[in-house]
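Please read the structure below before turning to the comments.
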Amino acid sequence: MFPFSRRAAGYAFVLLPLLTACSETGPTTDARRVFRYNQPEALTSLDPAFTNKQANIWAATQLYNGLVELDDSLKPGPALARRYSISPDGKTYTFVLRPNVRFHDSEVFPSGKGRAVVAQDFVYSFKRLLDGPTASPGGWIFRGKVLENAKGEPSDTCFVATNDSTLRVYLKEPFIPFLGILTMPYAYVVPREAVQKYGKDFREHPVGTGPFLFKEWDEGNAIIYHRNPNYWRKDAQGKQLPYLDAVQISFIQDRKSEFLTFMQGKLDFLSGIRAGSRDLIMYPDGTVREDFQGKFRLQKVPYLNTEYLGLQLDPTRLRGDNAEAGKALQDKRVRQALNYALNKPELLAYFLNNVGVPGLSGFVPASLPSYSQKLVPGYTYQPAKARQLLKQAGYDLGHPLHLRLATVAERKEVCEYLQKNWADVGVQVDIDVNQAAAHQEMVDNGSSAFFTKSWLGDYPDAENYLALFYSKNFSPAGPNKTHFKSLAYDRLYEQAKLEQDTEKRYNLYRQMDRIIVEEAPVIALYYDEVVRLTQNNVQGLTPNPMNQLVLERVRKQ
């Protein structure tokens with residue numbers, strides 16, 4: 001085990017020299033074989049059942065595997081399943097496991113040696129997500145999709161191990177994005193022995209099948225992983241993966257300190273840069289300033305995230321100013337006018353250094369293959385059209401529209417820009433800044449008439465975005481925060497879930513997105529992009545629209 005520094009700043013870089021003495025896979029002679037990244041947001045668990053935020057997802061991805069995984073084009077492909085098949089009716093998925101995949105060596109196994117992974121391990125891991133005592137936020141990936149009993153609960157026979165190498169999953173009806181869902185970390189396999197031994201402490205005693213082994217977690221300071229010498233995967237030349245000897249995760253919360261640490265060469269990459277650092281290194285057009293050119297690599301790729309404003313269409317829980325705003329927002333002409341009033345390209349240039357794509361289509365982000373601005377035209381900047389619609393709705397200079405926009409501190413500057421756009425067309429908008437937890441509660445409970453929000457895709461299919469407008473998904477239980485309801489939309493959504501022909505399904509997605517544009521329960525501000533800064537000596541770290549962190553093929557020169 002590693003001794004840890006307890007310095008108040010939370011910097012764990014003193015650990016690096018100690019790696020030379022502790023590696024079980026041979027001596028590590030220098031830092032070139034250690035990948036160092038920072039996690040400014042809190043990391044709460046290394047248990048796949050609790051991978052409901054990026055910090056947990058990144059950390060778990062290095063330790064575990066699932067049946068399938070996303071390739072570079074975001075298509076599901078084999079991982080621990082060497083092959084799979086789907087029945088003609090789309091309701092039975094059969095997975096044949098790879099031979100010779102073993103769990104990490106651990107004290108939970110006899111003699112401390114990891115045992116072979118069998119199909120029953122996936123049955124256990126999947127049922128664990130649905131088990132009440134586990135209290136996993138990931139049970140939704142199976143609920144409502146797999147075979148159900150008479151009570152409407154997942155059946156005991158929805159996951160079946162027909163033998164040690166074959167797993168079958170039975171759905172109650174076809175669900176085309178199901179393979180994509182199985183690539184999520186929630187679906188990673190865990191051994192029953194470890195969960196039973198550690199109980200809730202499994203969060204800090206992880207045992208997986210992944211490229212790295214857990215070694216130490218000093219909460220708030222650092223996490224250390226070592227190379228898994230028995231990892232099942234090799235590269236195209238037959239060389240054992242991973243290439244790295246260790247991974248070190250630090251927890252510097254201050255973004256300025258994080259950026260400085262990266263510039264000092266003590267971190268290997270950064271994902272996402274805040275406004276201050278972004279303005280420091282990037283011009284408004286998104287290019288790197290001369291002072292920083294050549295010092296690191298900047299990568300900018302589409303991100304499965306739509307930043308939007310929501311308009312509550314159910315006034316029953318609105319009170320006070322929100323109730324008055326809610327009445328106004330019942331008028332579709334008002335919602336459309338709020339869209340036309342916004343200069344989204346200027347917003348990105350002035351405040352985001354052109355990181356992102358203006359929301360000039362529907363809700364589905366530009367990084368998904370079904371996206372088409374041509375087939376789903378959105379709202380462009382037309383202030384005259386906005387004034388015209390407002391006048392038709394009964395609002396003018398003598399009778400201005402008053403609204404209150406709920407947001408959080410990090411979006412305040414953007415909201416102030418939007419406020420000016422709306423003022424130009426005669427709409428008076430007050431900005432209500434709340435703590436993140438309070439803001440989330442107001443949005444989920446329907447007590448905020450007008451609010452900022454974002455939707456980061458759980459899996460790379462437009463269904464995950466369009467589910468936000470399905471009437472059976474009303475919040476707080478579901479993701480439909482605006483309580484939008486349309487029978488025509490619901491019919492298309494239910495049809496698309498069953499459509500196995502890709503192009504026909506994409507056509508249905510676009511029809512649904514066009515309804516969202518027309519009815520305007522949301523304002524799509526922009527489709528986000530991932531910005532990564534990577535040290536020049538790092539190879540094989542490739543960003544994708546899911547913003548995954550996959551380190552098994554990463555090298556450092």
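Just remember, in the structure tokens the first chain shown is A, the second B, etc., residues are 1-based per chain, and ligands are 1-based in the order shown.
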
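By only C-alpha atoms, and with residues fewer than 4 positions from range 221-225 of chain A along its chain excluded, the set lying at most 6 Å from it is Gly10, Ala12, Phe212, Leu213, Phe214, Lys215, Glu216, Trp217, Ala246, Val247, Gln248, Ile249, Ser250 and Phe251 of chain A.
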
All residues 10 Å or closer to Val146 in chain A, only C-alpha atoms, same chain fewer than 4 positions away omitted, as a PyMOL selection string: chain A and resi 91-92+141-142+153-155+157-159+169-175+178

Point-to-point distance from CA of Val301 in chain A to CA of Asn354 in chain A, Å rounded to tenths: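 According to the coordinates, CA of Val301 in chain A and CA of Asn354 in chain A are separated by 11.9 Å.
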
Residues of range 347-453 of chain A that have any atom at most 9 Å from an atom of range 476-479 of chain A: could you tabulate them with the shortest-distance atom pair and the distance in Å to one decimal, using only C-alpha atoms, ordered by chain and increasing number, as a tab-separated table?
```
residue	atom	partner	partner_atom	distance
A:Glu441	CA	A:Pro476	CA	8.7
A:Val443	CA	A:Pro476	CA	8.5
A:Asp444	CA	A:Pro476	CA	4.8
A:Asn445	CA	A:Pro476	CA	5.7
A:Gly446	CA	A:Pro476	CA	8.0
```

Nearest candidate to Val334 in chain A (options A:Gln388, A:Gln440, A:Thr316, A:Asn322; using only C-alpha atoms): A:Gln388

Among listed residues A:Val160, A:Leu551, A:Val207, A:Leu405, nearest Gly112 in chain A (using only C-alpha atoms):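 That would be A:Val207, the residue with the smallest distance to Gly112 in chain A.
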